[in-house]
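Visitor: Below is the file protein-v1.txt, with compact mmCIF, C-alpha atoms.
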```
# COMPACT_ATOMS: atom_id res chain seq x y z
CA MET A 1 -22.75 40.44 -24.52
CA PHE A 2 -24.40 37.09 -23.95
CA ALA A 3 -25.26 36.66 -27.59
CA ALA A 4 -22.06 34.66 -27.94
CA VAL A 5 -23.07 32.31 -25.14
CA GLU A 6 -24.15 28.99 -26.55
CA PHE A 7 -26.11 27.12 -23.96
CA PRO A 8 -26.13 23.38 -24.54
CA PRO A 9 -29.40 21.90 -25.87
CA ILE A 10 -31.68 20.47 -23.19
CA GLU A 11 -31.13 16.92 -24.42
CA ASN A 12 -27.43 17.32 -23.76
CA ILE A 13 -28.22 18.16 -20.14
CA VAL A 14 -30.76 15.52 -19.25
CA GLU A 15 -30.53 12.78 -21.84
CA TRP A 16 -27.61 10.47 -22.24
CA PRO A 17 -26.70 8.17 -25.10
CA THR A 18 -26.98 4.43 -24.69
CA TRP A 19 -23.69 2.66 -23.97
CA PHE A 20 -24.99 -0.81 -24.69
CA GLY A 21 -28.26 -2.74 -24.75
CA SER A 22 -31.54 -1.44 -26.09
CA GLY A 23 -35.13 -0.69 -25.18
CA ALA A 24 -35.91 -1.13 -21.49
CA LEU A 25 -32.40 -2.45 -20.84
CA ALA A 26 -30.50 0.34 -22.59
CA PHE A 27 -27.54 1.04 -20.30
CA ASN A 28 -26.47 4.69 -20.18
CA LYS A 29 -24.66 7.11 -17.86
CA ILE A 30 -27.59 7.33 -15.41
CA ALA A 31 -27.73 3.54 -15.15
CA PHE A 32 -23.99 3.47 -14.58
CA MET A 33 -24.36 5.97 -11.72
CA GLY A 34 -27.07 3.75 -10.26
CA PHE A 35 -24.64 0.85 -10.47
CA ILE A 36 -21.92 2.86 -8.67
CA ALA A 37 -24.44 4.00 -6.05
CA PHE A 38 -25.19 0.30 -5.47
CA ILE A 39 -21.70 -1.20 -5.62
CA LEU A 40 -19.77 1.48 -3.73
CA PRO A 41 -21.65 1.17 -0.39
CA VAL A 42 -21.58 -2.63 -0.73
CA LEU A 43 -17.80 -2.62 -1.20
CA LEU A 44 -17.24 -0.11 1.60
CA PHE A 45 -19.34 -2.16 4.01
CA LEU A 46 -17.64 -5.42 3.01
CA ILE A 47 -14.16 -3.91 3.45
CA ALA A 48 -15.16 -2.45 6.80
CA SER A 49 -16.64 -5.82 7.88
CA SER A 50 -13.44 -7.65 6.98
CA LYS A 51 -11.39 -5.34 9.19
CA TYR A 52 -13.41 -6.21 12.30
CA LYS A 53 -11.72 -9.61 12.38
CA THR A 54 -8.50 -7.99 13.48
CA ARG A 55 -9.63 -4.69 14.93
CA LEU A 56 -12.75 -3.91 16.91
CA VAL A 57 -11.86 -0.23 17.28
CA PRO A 58 -13.01 1.53 14.08
CA LYS A 59 -10.51 3.24 11.82
CA GLY A 60 -10.61 4.71 8.29
CA ILE A 61 -13.38 3.09 6.22
CA GLN A 62 -14.89 1.56 9.34
CA ASN A 63 -15.41 5.07 10.70
CA VAL A 64 -17.12 6.17 7.48
CA VAL A 65 -19.41 3.15 7.46
CA GLU A 66 -20.23 3.33 11.16
CA SER A 67 -20.84 7.07 10.92
CA SER A 68 -23.40 6.52 8.17
CA VAL A 69 -25.13 3.78 10.17
CA ASP A 70 -25.05 5.90 13.30
CA PHE A 71 -26.36 8.93 11.42
CA VAL A 72 -29.36 7.07 9.99
CA GLU A 73 -30.12 5.45 13.35
CA LYS A 74 -29.80 8.51 15.56
CA GLN A 75 -30.77 11.36 13.21
CA ILE A 76 -33.48 9.69 11.14
CA ILE A 77 -34.97 6.56 12.68
CA LEU A 78 -35.06 7.51 16.37
CA PRO A 79 -36.64 10.98 15.88
CA THR A 80 -39.17 9.86 13.25
CA ILE A 81 -40.12 6.27 14.10
CA GLY A 82 -38.61 5.60 17.50
CA PRO A 83 -36.65 2.65 18.89
CA ASP A 84 -39.10 0.15 17.35
CA GLY A 85 -38.16 1.44 13.90
CA MET A 86 -34.67 -0.09 13.88
CA GLY A 87 -35.97 -2.84 11.59
CA TYR A 88 -36.18 -0.21 8.85
CA LEU A 89 -32.46 0.54 9.09
CA PRO A 90 -31.47 -1.45 5.96
CA LEU A 91 -34.12 0.32 3.89
CA LEU A 92 -33.42 3.83 5.15
CA LEU A 93 -29.65 3.41 5.07
CA SER A 94 -29.79 2.04 1.51
CA MET A 95 -32.06 4.89 0.51
CA PHE A 96 -29.79 7.53 2.04
CA LEU A 97 -26.60 6.13 0.50
CA PHE A 98 -28.19 5.47 -2.90
CA ILE A 99 -29.49 9.04 -3.14
CA PHE A 100 -26.37 10.68 -1.67
CA ILE A 101 -23.92 8.88 -3.94
CA GLY A 102 -26.20 9.45 -6.93
CA ASN A 103 -26.32 13.15 -6.08
CA LEU A 104 -22.56 13.40 -5.61
CA PHE A 105 -22.00 12.72 -9.31
CA GLU A 106 -23.12 16.30 -9.86
CA ILE A 107 -19.78 17.61 -8.62
CA ILE A 108 -17.51 14.73 -9.57
CA PRO A 109 -15.31 15.76 -12.52
CA THR A 110 -16.05 13.93 -15.77
CA ALA A 111 -19.46 12.88 -14.44
CA HIS A 112 -21.04 16.28 -13.73
CA MET A 113 -24.55 14.91 -13.71
CA PRO A 114 -26.53 13.88 -10.63
CA ALA A 115 -28.32 10.60 -11.17
CA ASN A 116 -31.35 12.06 -9.42
CA ALA A 117 -31.61 14.97 -11.87
CA ARG A 118 -33.49 12.38 -13.92
CA MET A 119 -36.95 11.48 -12.67
CA ALA A 120 -36.42 7.71 -12.79
CA ASN A 121 -34.52 7.10 -9.52
CA PRO A 122 -36.56 9.54 -7.40
CA LEU A 123 -39.77 8.00 -8.74
CA VAL A 124 -38.64 4.45 -7.99
CA LEU A 125 -37.57 5.42 -4.46
CA ALA A 126 -40.78 7.37 -3.84
CA LEU A 127 -42.92 4.43 -4.96
CA ILE A 128 -40.94 2.11 -2.67
CA THR A 129 -41.53 4.57 0.17
CA TYR A 130 -45.24 4.62 -0.69
CA VAL A 131 -45.52 0.86 -0.61
CA VAL A 132 -43.43 0.56 2.57
CA PHE A 133 -45.29 3.14 4.65
CA ILE A 134 -48.72 1.78 3.68
CA GLY A 135 -47.44 -1.74 4.36
CA ALA A 136 -46.05 -0.63 7.74
CA GLY A 137 -49.38 0.95 8.63
CA LEU A 138 -51.28 -2.20 7.70
CA LYS A 139 -48.76 -4.44 9.49
CA HIS A 140 -48.97 -2.56 12.77
CA ASN A 141 -52.59 -1.39 12.74
CA GLY A 142 -54.40 -3.60 10.27
CA PRO A 143 -57.22 -2.05 8.21
CA LYS A 144 -57.74 0.49 10.99
CA TYR A 145 -54.69 2.24 9.57
CA PHE A 146 -56.76 3.63 6.69
CA VAL A 147 -59.47 4.75 9.13
CA SER A 148 -57.01 6.58 11.39
CA ALA A 149 -55.19 8.03 8.36
CA LEU A 150 -58.37 9.35 6.74
CA PHE A 151 -60.19 10.25 9.94
CA PRO A 152 -57.49 11.63 12.24
CA PRO A 153 -58.41 11.25 15.92
CA GLY A 154 -59.13 14.44 17.84
CA VAL A 155 -60.69 16.27 14.90
CA PRO A 156 -64.32 17.41 15.32
CA LYS A 157 -66.57 15.14 13.27
CA ALA A 158 -68.01 17.99 11.26
CA LEU A 159 -64.53 18.80 9.96
CA TYR A 160 -64.10 15.33 8.47
CA VAL A 161 -65.95 16.66 5.45
CA LEU A 162 -62.90 18.80 4.78
CA VAL A 163 -60.14 16.85 6.47
CA THR A 164 -60.78 13.40 5.00
CA PRO A 165 -60.52 14.43 1.31
CA ILE A 166 -57.42 16.48 2.15
CA GLU A 167 -55.82 13.53 3.97
CA LEU A 168 -56.75 11.18 1.15
CA ILE A 169 -55.12 13.41 -1.43
CA SER A 170 -52.08 14.44 0.61
CA THR A 171 -51.29 11.05 2.15
CA PHE A 172 -52.20 8.58 -0.56
CA LEU A 173 -51.90 10.54 -3.78
CA VAL A 174 -49.50 13.45 -3.42
CA ARG A 175 -46.85 12.01 -1.10
CA PRO A 176 -44.96 9.84 -3.58
CA PHE A 177 -44.97 12.58 -6.20
CA SER A 178 -43.95 15.32 -3.78
CA LEU A 179 -41.06 13.18 -2.57
CA ALA A 180 -39.90 12.37 -6.08
CA VAL A 181 -40.35 15.87 -7.47
CA ARG A 182 -38.59 17.55 -4.52
CA LEU A 183 -35.45 15.48 -5.05
CA PHE A 184 -35.56 15.57 -8.83
CA ALA A 185 -36.25 19.32 -9.10
CA ASN A 186 -33.58 20.30 -6.61
CA MET A 187 -30.92 18.23 -8.30
CA LEU A 188 -31.91 19.35 -11.80
CA ALA A 189 -31.90 22.99 -10.70
CA GLY A 190 -28.42 22.60 -9.20
CA HIS A 191 -27.24 20.85 -12.35
CA ILE A 192 -28.54 23.68 -14.57
CA LEU A 193 -27.01 26.26 -12.20
CA LEU A 194 -23.56 24.73 -12.49
CA ILE A 195 -23.90 24.42 -16.27
CA THR A 196 -24.96 28.06 -16.47
CA PHE A 197 -21.89 29.30 -14.62
CA SER A 198 -19.61 26.94 -16.52
CA VAL A 199 -20.89 28.20 -19.86
CA LEU A 200 -20.76 31.78 -18.64
CA THR A 201 -17.15 31.41 -17.46
CA ILE A 202 -16.02 29.89 -20.76
CA SER A 203 -17.83 32.56 -22.74
CA LEU A 204 -16.34 35.36 -20.66
CA VAL A 205 -12.81 34.00 -20.99
CA GLY A 206 -13.16 34.23 -24.78
CA GLY A 207 -15.13 37.46 -24.66
CA GLY A 208 -12.36 40.07 -25.13
CA ILE A 209 -12.46 42.82 -22.49
CA LEU A 210 -15.11 40.89 -20.56
CA ALA A 211 -12.48 38.30 -19.71
CA ILE A 212 -11.52 40.43 -16.73
CA ILE A 213 -14.77 39.53 -14.95
CA SER A 214 -14.46 35.83 -15.76
CA PRO A 215 -12.75 35.12 -12.38
CA PHE A 216 -15.93 36.25 -10.63
CA SER A 217 -18.02 33.91 -12.70
CA PHE A 218 -15.50 31.15 -12.04
CA GLY A 219 -15.60 31.97 -8.32
CA MET A 220 -19.36 31.60 -8.37
CA LEU A 221 -18.97 28.27 -10.14
CA VAL A 222 -16.61 27.07 -7.40
CA ALA A 223 -18.90 28.40 -4.67
CA PHE A 224 -21.96 26.74 -6.19
CA THR A 225 -20.03 23.48 -6.53
CA GLY A 226 -19.48 23.57 -2.76
CA PHE A 227 -23.10 24.53 -2.28
CA GLU A 228 -24.23 21.61 -4.43
CA PHE A 229 -22.22 19.24 -2.26
CA MET A 230 -24.31 20.45 0.67
CA VAL A 231 -27.49 20.13 -1.42
CA ALA A 232 -26.53 16.58 -2.37
CA PHE A 233 -26.30 15.62 1.28
CA LEU A 234 -29.33 17.65 2.32
CA GLN A 235 -31.64 16.21 -0.32
CA ALA A 236 -30.59 12.65 0.58
CA TYR A 237 -31.22 13.47 4.23
CA ILE A 238 -34.62 15.11 3.55
CA PHE A 239 -35.84 12.26 1.36
CA THR A 240 -34.82 9.64 3.93
CA LEU A 241 -36.13 11.70 6.83
CA LEU A 242 -39.52 12.12 5.17
CA THR A 243 -39.63 8.39 4.47
CA GLY A 244 -38.99 7.86 8.20
CA VAL A 245 -41.71 10.37 9.05
CA TYR A 246 -44.22 8.63 6.78
CA ILE A 247 -43.36 5.20 8.22
CA GLY A 248 -43.48 6.57 11.77
CA GLY A 249 -46.85 8.20 11.07
CA ALA A 250 -48.18 4.96 9.66
CA ILE A 251 -46.97 2.89 12.63
CA HIS A 252 -48.11 5.40 15.25
CA PRO A 253 -51.12 7.13 13.69
CA ALA A 254 -52.12 8.69 17.02
CA HIS A 255 -48.90 10.73 17.01
CA MET B 256 -28.25 34.91 -17.35
CA LEU B 257 -31.94 35.56 -17.90
CA ALA B 258 -31.33 35.52 -21.63
CA THR B 259 -29.55 32.21 -21.21
CA LEU B 260 -32.37 30.69 -19.25
CA SER B 261 -34.90 32.08 -21.74
CA ALA B 262 -32.94 30.45 -24.51
CA LEU B 263 -32.89 27.23 -22.57
CA LEU B 264 -36.65 27.29 -22.01
CA ALA B 265 -37.32 28.21 -25.62
CA GLU B 266 -35.12 25.38 -26.77
CA ALA B 267 -36.83 22.99 -24.41
CA ALA B 268 -40.21 24.11 -25.71
CA GLU B 269 -39.10 23.57 -29.30
CA LYS B 270 -37.98 20.03 -28.60
CA LYS B 271 -40.92 19.15 -26.42
CA GLU B 272 -42.03 16.47 -28.82
CA THR B 273 -38.78 14.59 -28.66
CA VAL B 274 -37.33 15.32 -25.18
CA ASN B 275 -39.18 15.85 -21.93
CA PRO B 276 -36.73 16.52 -19.11
CA VAL B 277 -39.33 15.67 -16.47
CA LEU B 278 -40.64 12.32 -17.64
CA PRO B 279 -38.52 9.30 -16.69
CA THR B 280 -37.39 6.81 -19.28
CA THR B 281 -38.17 3.13 -18.91
CA ASN B 282 -34.58 1.95 -19.01
CA GLU B 283 -33.54 4.34 -16.20
CA ILE B 284 -36.51 3.20 -14.08
CA VAL B 285 -35.57 -0.44 -14.64
CA TYR B 286 -31.91 0.03 -13.77
CA GLY B 287 -32.70 2.34 -10.86
CA ALA B 288 -35.11 -0.23 -9.41
CA ILE B 289 -32.69 -3.13 -10.01
CA PHE B 290 -29.71 -1.41 -8.41
CA PHE B 291 -31.64 -0.05 -5.46
CA VAL B 292 -33.30 -3.39 -4.72
CA LEU B 293 -29.90 -5.07 -5.03
CA LEU B 294 -28.41 -2.54 -2.62
CA LEU B 295 -31.30 -3.11 -0.21
CA ILE B 296 -30.87 -6.89 -0.36
CA PHE B 297 -27.11 -6.67 0.15
CA MET B 298 -27.51 -4.21 3.01
CA TRP B 299 -30.15 -6.32 4.70
CA ALA B 300 -28.51 -9.72 4.24
CA VAL B 301 -24.76 -9.20 3.84
CA CYS B 302 -23.44 -5.74 4.64
CA LEU B 303 -25.24 -4.54 7.74
CA PRO B 304 -25.33 -7.62 10.02
CA PRO B 305 -21.53 -7.83 10.60
CA ILE B 306 -21.28 -4.07 11.07
CA LYS B 307 -24.14 -4.04 13.56
CA LYS B 308 -22.73 -7.09 15.29
CA ALA B 309 -19.31 -5.45 15.63
CA MET B 310 -20.86 -2.21 16.86
CA ARG B 311 -22.98 -4.12 19.37
CA GLN B 312 -19.94 -6.13 20.53
CA ARG B 313 -17.94 -2.97 20.96
CA ASP B 314 -20.77 -1.30 22.85
CA GLU B 315 -20.97 -4.32 25.14
CA GLN B 316 -17.20 -4.33 25.53
CA VAL B 317 -17.18 -0.63 26.33
CA GLN B 318 -20.04 -1.14 28.79
CA ALA B 319 -18.21 -4.07 30.43
CA ASP B 320 -14.98 -2.07 30.58
CA LEU B 321 -16.83 0.86 32.07
CA GLU B 322 -18.41 -1.34 34.71
CA ALA B 323 -15.03 -2.96 35.45
CA ALA B 324 -13.46 0.48 35.72
CA GLU B 325 -16.24 1.58 38.07
CA ARG B 326 -15.72 -1.53 40.18
CA ALA B 327 -11.95 -0.98 40.26
CA ASN B 328 -12.58 2.62 41.16
CA ALA B 329 -14.88 1.59 44.01
CA GLU B 330 -12.30 -0.92 45.21
CA ALA B 331 -9.56 1.69 45.05
CA GLU B 332 -11.79 4.05 46.97
CA GLN B 333 -12.37 1.38 49.62
CA VAL B 334 -8.61 0.73 49.84
CA ARG B 335 -8.04 4.44 50.22
CA ARG B 336 -10.66 4.64 52.96
CA ASP B 337 -9.07 1.66 54.74
CA TYR B 338 -5.66 3.24 54.37
CA ASP B 339 -6.96 6.54 55.73
CA ALA B 340 -8.58 4.73 58.67
CA THR B 341 -5.37 2.81 59.38
CA LEU B 342 -3.37 5.98 59.11
CA ALA B 343 -5.74 7.76 61.49
CA GLU B 344 -5.47 4.87 63.95
CA ALA B 345 -1.67 4.91 63.70
CA ARG B 346 -1.64 8.65 64.25
CA ALA B 347 -3.89 8.31 67.29
CA GLU B 348 -1.70 5.50 68.65
CA ALA B 349 1.42 7.58 68.07
CA ALA B 350 -0.17 10.56 69.81
CA ARG B 351 -1.18 8.34 72.72
CA ILE B 352 2.33 6.91 73.01
CA VAL B 353 3.87 10.35 72.85
CA GLU B 354 1.45 11.57 75.52
CA GLU B 355 2.23 8.63 77.75
CA ALA B 356 5.95 9.14 77.26
CA ARG B 357 5.57 12.80 78.05
CA HIS B 358 3.61 11.98 81.21
CA ALA B 359 6.20 9.40 82.28
CA ALA B 360 8.97 11.87 81.60
CA ASP B 361 7.16 14.48 83.73
CA VAL B 362 6.76 12.02 86.58
CA ARG B 363 10.38 10.94 86.33
CA ARG B 364 11.55 14.53 86.21
CA GLY B 365 9.47 15.31 89.34
CA GLU B 366 10.97 12.35 91.10
CA LEU B 367 14.50 13.33 90.14
CA ILE B 368 13.98 16.94 91.13
CA GLY B 369 12.47 15.84 94.47
CA ALA B 370 15.39 13.54 95.15
CA VAL B 371 17.93 16.21 94.30
CA GLU B 372 16.12 18.78 96.40
CA THR B 373 15.99 16.36 99.35
CA GLU B 374 19.69 15.61 98.95
CA VAL B 375 20.56 19.29 98.69
CA ALA B 376 18.47 20.06 101.77
CA ALA B 377 20.17 17.28 103.71
CA LYS B 378 23.59 18.47 102.67
CA ARG B 379 22.65 22.01 103.55
CA GLN B 380 21.37 20.89 106.93
CA ALA B 381 24.58 19.00 107.57
CA ALA B 382 26.68 21.96 106.53
CA LEU B 383 24.69 24.25 108.85
CA ALA B 384 25.08 21.84 111.75
CA GLU B 385 28.80 21.60 111.18
CA LEU B 386 29.00 25.35 110.91
CA GLU B 387 27.08 25.72 114.17
CA ALA B 388 29.35 23.26 115.88
CA GLN B 389 32.44 25.01 114.67
CA ARG B 390 30.99 28.32 115.75
CA ALA B 391 30.20 26.93 119.20
CA ALA B 392 33.69 25.52 119.48
CA ALA B 393 35.20 28.81 118.40
CA LEU B 394 32.99 30.64 120.86
CA GLY B 395 34.09 28.31 123.67
CA ASP B 396 37.72 28.81 122.82
CA LEU B 397 37.18 32.54 122.62
CA ARG B 398 35.38 32.55 125.95
CA ASP B 399 38.23 30.64 127.62
CA GLU B 400 40.76 32.96 126.16
CA VAL B 401 38.73 36.07 127.10
CA ALA B 402 38.27 34.70 130.66
CA GLY B 403 41.98 33.98 130.91
CA ILE B 404 42.89 37.42 129.63
CA ALA B 405 40.28 39.07 131.87
CA ALA B 406 41.51 37.11 134.95
CA GLN B 407 45.10 37.90 134.14
CA ALA B 408 44.21 41.58 133.64
CA ALA B 409 42.23 41.67 136.86
CA SER B 410 45.03 39.98 138.83
CA GLN B 411 47.43 42.61 137.43
CA VAL B 412 45.05 45.30 138.63
CA VAL B 413 44.63 43.91 142.14
CA GLN B 414 48.25 42.67 142.41
CA GLN B 415 47.23 39.26 143.67
CA PRO B 416 46.22 36.03 141.94
CA LEU B 417 42.52 35.45 141.36
CA ASP B 418 40.63 32.26 141.35
CA ALA B 419 40.65 31.18 137.72
CA ALA B 420 37.51 29.08 137.98
CA ALA B 421 35.52 31.89 139.60
CA GLN B 422 36.69 34.32 137.03
CA ARG B 423 35.70 31.92 134.29
CA SER B 424 32.18 31.60 135.62
CA VAL B 425 31.90 35.42 135.81
CA VAL B 426 33.03 35.75 132.23
CA ASP B 427 30.74 32.96 131.11
CA GLU B 428 27.79 34.57 132.75
CA TYR B 429 28.61 37.89 131.20
CA VAL B 430 29.04 36.41 127.79
CA ASN B 431 25.79 34.51 128.13
CA GLN B 432 24.02 37.70 129.11
CA ALA B 433 25.51 39.49 126.13
CA ILE B 434 24.45 36.78 123.81
CA ALA B 435 21.00 36.77 125.32
CA ALA B 436 20.76 40.55 125.07
CA ARG B 437 21.68 40.46 121.40
```
Would you mind writing the file out in structure tokens?

Guide:
Amino acid sequence: MFAAVEFPPIENIVEWPTWFGSGALAFNKIAFMGFIAFILPVLLFLIASSKYKTRLVPKGIQNVVESSVDFVEKQIILPTIGPDGMGYLPLLLSMFLFIFIGNLFEIIPTAHMPANARMANPLVLALITYVVFIGAGLKHNGPKYFVSALFPPGVPKALYVLVTPIELISTFLVRPFSLAVRLFANMLAGHILLITFSVLTISLVGGGILAIISPFSFGMLVAFTGFEFMVAFLQAYIFTLLTGVYIGGAIHPAH
Amino acid sequence: MLATLSALLAEAAEKKETVNPVLPTTNEIVYGAIFFVLLLIFMWAVCLPPIKKAMRQRDEQVQADLEAAERANAEAEQVRRDYDATLAEARAEAARIVEEARHAADVRRGELIGAVETEVAAKRQAALAELEAQRAAALGDLRDEVAGIAAQAASQVVQQPLDAAAQRSVVDEYVNQAIAAR
């Protein structure tokens, strides 16, 4: 039955042709999504800012913008870093919006490819997180940050033989990769899932008697599209939340 | 679906040399870093400050309005308390006035009733005195007439005139005795 199904080659799913430029500056679909993920929040915030001159009560775009700011402040910064973490709002808000908008391309018609289903953006963001949380730890605690990170207070000294190598690996080696891979893998899996049901639906429609079950496959495609919208938001939230947790842990190592 | 995924994996394995879906490409890293850093700079320097300022202004405005509303509420409550106190005082004053008026009316009514009773008693006394006088006069007239009739009847019986004055005294004495005996 599925012999007729022609799944697209892997390079069609994850690799995109260059639109212009070459080498390290070759501009393709993923770069374009990065550009949209940069310019869209900037435009929304600028439009919202311009409306405050005539109206202090938020409406329309102002509500969207303020909701995103409020969400990052109250749901990410306050629970993970605390009130003294408000200085990280630009970073965490940018991170959340950049990932969320990049993810949303997965379900936007004609795009159908999340920017974060490629490893580049998650890796860049994870490395920035890595640098920022180590920098925050050094800024607030000085060199003692490394001591408290590798030798957590309250642990019996004999256990440092086990704990310190684990902390070294988990905190300073694995964290950036786990962050990047979590986002990348989830978005790539969702992307492949949607492609699978799309291909299946098309194949069933042209599959003779099997066409009668194509609505079920199409229904699953629609359902997974809604599910992927939730995943897009959730992965942006998780990435930003973990960044907040890492920064909070670096600032307050005793906690 | 499993066959599809198997085909996908097999295809990926075949093209491993040319395409690795996991490894990032340099151009995507460069553009990702550029656009994210640009977004961060814009957010930090241009986009967020006016939004935060407006939100802070609104929060302050809301706080000020809330405080003003609380103050106005407290003032209204004080006005209501004052009004209630004034109303209570007015009610007490009205009750006092009504009580005084009622007391005065009672006193006045007592006075009027006393005066009327006194007047009625005086009139009654006068009427009784007049009645007694008229009765005494009638009794005197009756006594004279009875004495005259008795003297005339007695003179008829004895066939000679009797002393009218003596007869009158006899009759008077008899009448007086009768009255006394009654």

Visitor: For chain B, work out the contacting residues on chain A at 6 Å, counting all atoms listed in the file, and write them as number ranges by chain.

Guide: A: 10, 24-26, 31, 34-35, 38, 45, 49, 90, 94, 119-121

Visitor: Of the residues A:Ala136, A:Leu123, A:Ala115, A:Leu200, which is the one nearest to Phe216 of chain A, using all atoms listed in the file?

Guide: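 The shortest atom-to-atom distance to Phe216 of chain A comes from A:Leu200.
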
Visitor: Give me the residues within 10 Å of segment 242-250 of chain A as a PyMOL selection string, counting only C-alpha atoms and dropping any in the same chain fewer than 3 places off.

Guide: chain A and resi 72+76-82+84-85+88-89+91-92+95+125-126+128-130+132-141+145-146+148-149+171+175-176+179+237-239+253-255

Visitor: Just the number, please: distance in Å from atom CA of Pro114 of chain A to atom CA of Leu188 of chain A, one decimal.

Guide: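 Between atom CA of Pro114 of chain A and atom CA of Leu188 of chain A the gap works out to 7.8 Å.
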
Visitor: Just to confirm, what's the straight-line distance from atom CA of Gln62 of chain A to atom CA of Ser50 of chain A in Å (one decimal)?

Guide: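 Calculated distance between atom CA of Gln62 of chain A and atom CA of Ser50 of chain A is 9.6 Å.
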
Visitor: Can you tell me which residues surround Met187 of chain A at a distance of at most 10 Å, considering only C-alpha atoms, apart from same-chain residues fewer than 6 positions away, and format the answer as a PyMOL selection string?

Guide: chain A and resi 103+106+113-118+181+193+228+231-232+235

Visitor: Kindly indicate which residue among A:Arg55, A:Ile61, A:Lys29, A:Arg182 lies nearest to Leu43 of chain A, using all atoms listed in the file for the distances.

Guide: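 The closest residue to Leu43 of chain A is A:Ile61.
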
Visitor: Calculate how many Å separate atom CA of Phe100 of chain A from atom CA of Ala236 of chain A, rounding to one decimal.

Guide: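 Distance reported for this atom pair: 5.2 Å.
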
Visitor: Taking only C-alpha atoms into account, name the residue in A:Leu241, A:Leu221, A:Leu40, A:Val163 that is nearest to Ile101 of chain A.

Guide: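 The shortest atom-to-atom distance to Ile101 of chain A comes from A:Leu40.
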
Visitor: With all atoms listed in the file as the basis for distance, which of A:Ala158, A:Leu194, A:Ala211, A:Leu150 is at the shortest distance from Phe7 of chain A?

Guide: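 Looking only at the distances to Phe7 of chain A, the closest residue turns out to be A:Leu194.
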
Visitor: Using the file's own x, y and z axes, what box holds all listed atoms of segment 310-327 of chain B with 4 Å on each side, keeping edges along x, y and z, and what are its centre and edge lengths in Å to one decimal, as AutoDock Vina command-line options?

Guide:
```
--center_x -17.5 --center_y -2.3 --center_z 28.6 --size_x 19.0 --size_y 15.7 --size_z 31.4
```

Visitor: Smallest atom-to-atom distance to Met230 of chain A: which of A:Ile192, A:Ala37, A:Leu104, A:Ala185, using all atoms listed in the file?

Guide: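 Counting all atoms listed in the file, the residue closest to Met230 of chain A is A:Leu104.
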
Visitor: Is there a way to complete segment 282-295 of chain B with N, CA and C atoms and then write that out as a PDB file, in the frame of the given file?

Guide:
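Printed below is out39.pdb as written:
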```
ATOM      1  N   ASN B 282     -35.837   2.633 -19.320  1.00  0.00           N
ATOM      2  CA  ASN B 282     -34.580   1.950 -19.010  1.00  0.00           C
ATOM      3  C   ASN B 282     -33.981   2.486 -17.704  1.00  0.00           C
ATOM      4  N   GLU B 283     -34.087   3.775 -17.451  1.00  0.00           N
ATOM      5  CA  GLU B 283     -33.540   4.340 -16.200  1.00  0.00           C
ATOM      6  C   GLU B 283     -34.355   3.868 -14.993  1.00  0.00           C
ATOM      7  N   ILE B 284     -35.674   3.738 -15.174  1.00  0.00           N
ATOM      8  CA  ILE B 284     -36.510   3.200 -14.080  1.00  0.00           C
ATOM      9  C   ILE B 284     -36.098   1.757 -13.778  1.00  0.00           C
ATOM     10  N   VAL B 285     -35.914   0.981 -14.816  1.00  0.00           N
ATOM     11  CA  VAL B 285     -35.570  -0.440 -14.640  1.00  0.00           C
ATOM     12  C   VAL B 285     -34.237  -0.571 -13.916  1.00  0.00           C
ATOM     13  N   TYR B 286     -33.231   0.150 -14.403  1.00  0.00           N
ATOM     14  CA  TYR B 286     -31.910   0.030 -13.770  1.00  0.00           C
ATOM     15  C   TYR B 286     -31.903   0.637 -12.354  1.00  0.00           C
ATOM     16  N   GLY B 287     -32.613   1.747 -12.201  1.00  0.00           N
ATOM     17  CA  GLY B 287     -32.700   2.340 -10.860  1.00  0.00           C
ATOM     18  C   GLY B 287     -33.314   1.372  -9.868  1.00  0.00           C
ATOM     19  N   ALA B 288     -34.429   0.719 -10.298  1.00  0.00           N
ATOM     20  CA  ALA B 288     -35.110  -0.230  -9.410  1.00  0.00           C
ATOM     21  C   ALA B 288     -34.204  -1.437  -9.132  1.00  0.00           C
ATOM     22  N   ILE B 289     -33.554  -1.947 -10.183  1.00  0.00           N
ATOM     23  CA  ILE B 289     -32.690  -3.130 -10.010  1.00  0.00           C
ATOM     24  C   ILE B 289     -31.562  -2.821  -9.022  1.00  0.00           C
ATOM     25  N   PHE B 290     -30.874  -1.699  -9.251  1.00  0.00           N
ATOM     26  CA  PHE B 290     -29.710  -1.410  -8.410  1.00  0.00           C
ATOM     27  C   PHE B 290     -30.108  -1.068  -6.985  1.00  0.00           C
ATOM     28  N   PHE B 291     -31.236  -0.369  -6.831  1.00  0.00           N
ATOM     29  CA  PHE B 291     -31.640  -0.050  -5.460  1.00  0.00           C
ATOM     30  C   PHE B 291     -32.083  -1.303  -4.705  1.00  0.00           C
ATOM     31  N   VAL B 292     -32.853  -2.147  -5.391  1.00  0.00           N
ATOM     32  CA  VAL B 292     -33.300  -3.390  -4.720  1.00  0.00           C
ATOM     33  C   VAL B 292     -32.091  -4.266  -4.394  1.00  0.00           C
ATOM     34  N   LEU B 293     -31.115  -4.309  -5.315  1.00  0.00           N
ATOM     35  CA  LEU B 293     -29.900  -5.070  -5.030  1.00  0.00           C
ATOM     36  C   LEU B 293     -29.176  -4.502  -3.800  1.00  0.00           C
ATOM     37  N   LEU B 294     -29.073  -3.182  -3.771  1.00  0.00           N
ATOM     38  CA  LEU B 294     -28.410  -2.540  -2.620  1.00  0.00           C
ATOM     39  C   LEU B 294     -29.162  -2.875  -1.328  1.00  0.00           C
ATOM     40  N   LEU B 295     -30.478  -2.807  -1.399  1.00  0.00           N
ATOM     41  CA  LEU B 295     -31.300  -3.110  -0.210  1.00  0.00           C
ATOM     42  C   LEU B 295     -31.078  -4.552   0.248  1.00  0.00           C
TER      43      LEU B 295
END
```
